[in-house]
Amino acid sequence: MTARGWLLLLLFVLLVGGATSAWFRAEGSPPEVRAPDAFRIGAAPGALELELFDADSGLRAVRVVLKHARGEAALVEENYPGGWITGGSPGHATRLDVPVDPARLALTSGDAFLHVTVRDWSWRDGFRGNETVLEVPVGIDLDPPTIRVASGLTYVSRGGAGAVAYSVSEPTRRDGVRVGDVPFPGFAPGGGEARFALFAVPIDGPEGPPIRVFAVDEAGNESEATWPAVVVERELPDAQVTLQQRFLDTKVRALARSENLPVEDLAAAFREINTNVRRANEVRIREILATSAAEPLWNGPFSQLANSKVTSRFGEQRRYYVDGEPASEARHMGYDLASTAAAKVTAANRGRVAFTGELGIYGNCVIVDHGLGLASLYGHLSRIDVAQGEAVDKGRVLGLSGATGLAGGDHLHFAILVGGIYVDPLEWWDPDWVRTHIEARLVRSAP
Ligand SMILES: [Zn+2]
């Protein structure tokens with residue numbers, strides 16, 4: 001080929017290459033802005049979360065402006081790395097936190113808009129890139145909700161439960177009662193404005209915990225309200241339990257095996273079961289009870305196992321001994337009820353079965369949700385006669401008593417929980433207590 005021919009070929013290659021790259025670099029797909037349908041801003045400083053994406057040339061720049069009643073405020077102006085020839089880094093989503101400090105911006109409550117402009121590294125629009133503009137409505141609410149507590153003077157025992165009725169001036173993201181740091185969810189069981197929360201004073205919590213109703217509105221503003229609620233402290237009994245060799249050889253060995261624990265030292269295995277396995281079981285129980293029916297499924301007082309004798313009460317601090325040596329300690333979080341062997345165990349009240357099956361120290365176990373955060377637990381069963389999800393009436397047979405799990409002999413371990421916290425079943429067995437402390441404050445929806 002002649003020199004002129006080579007030159008023509010080179011020109012041709014350059015032209016085709018240039019055209020091809022120009023065709024790619026002048027891509028026409030605009031960047032994407034992913035945002036919720038609307039934002040809410042409360043009084044506290046926070047951030048609004050956006051996601052930006054550009055498929056072909058990559059994100060180049062973003063500008064976010066808040067247009068509100070008193071003017072505009074530029075919240076974000078950001079350029080992303082990239083170049084004329086190479087473009088940016090296309091194909092991956094970029095999270096953008098848009099900081100908002102209502103006090104610094106002197107915002108007032110009302111409607112506003114978030115105006116988002118994004119460009120990419122395309123050569124389109126005179127090399128300025130493809131542009132996407134999105135406007136998202138923003139509700140600014142700087143006022144915390146107003147809480148009105150409807151209940152009067154309330155006495156709650158250490159390890160006991162209580163209830164409070166209240167109303168909140170606006171819809172909430174969450175509300176309820178806090179005892180110290182422990183939150184208990186509120187519900188609207190009557191379907192109207194009236195709200196209701198069950199709460200508990202944890203048996204091992206700090207003395208004199210503050211008890212408050214709280215409400216967080218949809219913009220995140222939080223209010224608290226107090227009312228005269230008095231915690232009645234009480235002495236908790238101690239109990240010494242001597243572990244028999246037969247119990248260690250059979251029960252503890254079998255439980256240790258099923259939990260994959262070493263069985264050379266059975267006292268050590270017992271300690272492990274009584275502390276760490278117990279703790280893991282309690283975590284599981286709280287997971288099971290994380291959601292509760294939003295209406296009261298129970299009605300009136302709870303019933304104690306028929307013809308049963310109390311062999312251990314709620315709140316006992318049990319000190320376990322092996323050969324006269326202290327082995328472990330644990331607080332007893334329920335009632336032990338002994339009847340005949342393989343006695344029919346019945347639902348203490350109306351509810352829905354939240355769990356059935358093997359549950360560590362509790363052996364074969366049934367947990368019933370009674371709604372509004374209230375639940376009952378039946379442990380050490382030899383047989384289970386209900387299925388998870390089943391609605392049960394008070395008195396329905398759940399199974400037969402036994403000695404599965406960490407039980408020395410045939411008995412029922414019966415517990416009641418409020419918001420995942422163990423409370424004294426004695427209160428819930430007492431018709432007067434249930435009527436005056438709970439039912440009198442509860443507005444049920446018309447049937
Ligand atoms: Zn027990």
# chains A, B, ... in the order shown; residues from 1 in each chain; ligands from 1

$ select_by_dssp --residues "segment 214-282 of chain A" --states "alpha helix (DSSP H)" --output "MDAnalysis selection string"
chainID A and resid 245:247 253:258 266:272 278:282

$ residues_around --residues "Gly82 of chain A" --least-positions-apart "3" --cutoff "12 Å" --atoms "only C-alpha atoms" --output "ChimeraX atom specification"
/A:57-61,79,85-90,120-122

$ write_last_selection --atoms "C-alpha atoms" --output "PDB file, in the first residue's frame"
ATOM      1  CA  SER A  57     -21.272   7.216  32.469  1.00  0.00           C
ATOM      2  CA  GLY A  58     -21.375   7.568  36.263  1.00  0.00           C
ATOM      3  CA  LEU A  59     -22.554  10.270  38.677  1.00  0.00           C
ATOM      4  CA  ARG A  60     -20.946  13.666  38.223  1.00  0.00           C
ATOM      5  CA  ALA A  61     -22.650  16.151  40.520  1.00  0.00           C
ATOM      6  CA  ASN A  79     -19.048  16.590  42.753  1.00  0.00           C
ATOM      7  CA  ILE A  85     -12.529  10.880  28.479  1.00  0.00           C
ATOM      8  CA  THR A  86     -13.052   8.107  31.024  1.00  0.00           C
ATOM      9  CA  GLY A  87     -16.351   9.223  32.649  1.00  0.00           C
ATOM     10  CA  GLY A  88     -17.058   8.401  36.291  1.00  0.00           C
ATOM     11  CA  SER A  89     -17.801   5.096  37.991  1.00  0.00           C
ATOM     12  CA  PRO A  90     -21.108   3.907  36.550  1.00  0.00           C
ATOM     13  CA  ASP A 120     -23.843  12.367  34.972  1.00  0.00           C
ATOM     14  CA  TRP A 121     -20.556  12.291  32.971  1.00  0.00           C
ATOM     15  CA  SER A 122     -22.240  11.949  29.561  1.00  0.00           C
TER      16      SER A 122
END

$ closest_atom_pairs --of "chain A" --to "ligand 1" --cutoff "7 Å" --atoms "only C-alpha atoms and all ligand atoms" --output "CSV"
residue,atom,partner,partner_atom_place_in_ligand_line,distance
A:Ser312,CA,ligand 1,1 (Zn),6.8
A:His332,CA,ligand 1,1 (Zn),6.3
A:Gly334,CA,ligand 1,1 (Zn),5.7
A:Tyr335,CA,ligand 1,1 (Zn),5.7
A:Asp336,CA,ligand 1,1 (Zn),4.6
A:His413,CA,ligand 1,1 (Zn),4.2
A:Phe414,CA,ligand 1,1 (Zn),6.9

$ atom_distance --atom1 "atom CA of Val418 of chain A" --atom2 "atom CA of Phe184 of chain A"
8.0 Å

$ closest_atom_pairs --of "segment 244-336 of chain A" --to "segment 383-392 of chain A" --cutoff "12 Å" --atoms "only C-alpha atoms" --output "JSON lines"
{"residue": "A:Ile288", "atom": "CA", "partner": "A:Gln388", "partner_atom": "CA", "distance": 11.1}
{"residue": "A:Ser292", "atom": "CA", "partner": "A:Gly389", "partner_atom": "CA", "distance": 11.9}
{"residue": "A:Ala293", "atom": "CA", "partner": "A:Gly389", "partner_atom": "CA", "distance": 11.6}
{"residue": "A:Leu297", "atom": "CA", "partner": "A:Ala391", "partner_atom": "CA", "distance": 9.4}
{"residue": "A:Trp298", "atom": "CA", "partner": "A:Val392", "partner_atom": "CA", "distance": 10.1}

$ write_last_selection --atoms "N, CA and C atoms" --output "PDB file, in the first residue's frame"
ATOM      1  N   ILE A 288     -39.621 -14.745  70.319  1.00  0.00           N
ATOM      2  CA  ILE A 288     -40.945 -15.308  70.054  1.00  0.00           C
ATOM      3  C   ILE A 288     -42.033 -14.291  70.404  1.00  0.00           C
ATOM      4  N   SER A 292     -47.061  -9.143  69.368  1.00  0.00           N
ATOM      5  CA  SER A 292     -48.204  -9.612  70.149  1.00  0.00           C
ATOM      6  C   SER A 292     -49.456  -9.075  69.463  1.00  0.00           C
ATOM      7  N   ALA A 293     -50.583  -9.774  69.637  1.00  0.00           N
ATOM      8  CA  ALA A 293     -51.837  -9.300  69.035  1.00  0.00           C
ATOM      9  C   ALA A 293     -52.139  -7.889  69.523  1.00  0.00           C
ATOM     10  N   LEU A 297     -56.724 -10.613  73.801  1.00  0.00           N
ATOM     11  CA  LEU A 297     -57.335 -11.912  73.518  1.00  0.00           C
ATOM     12  C   LEU A 297     -57.837 -12.527  74.821  1.00  0.00           C
ATOM     13  N   TRP A 298     -57.209 -12.115  75.928  1.00  0.00           N
ATOM     14  CA  TRP A 298     -57.612 -12.653  77.229  1.00  0.00           C
ATOM     15  C   TRP A 298     -58.874 -11.959  77.705  1.00  0.00           C
TER      16      TRP A 298
END
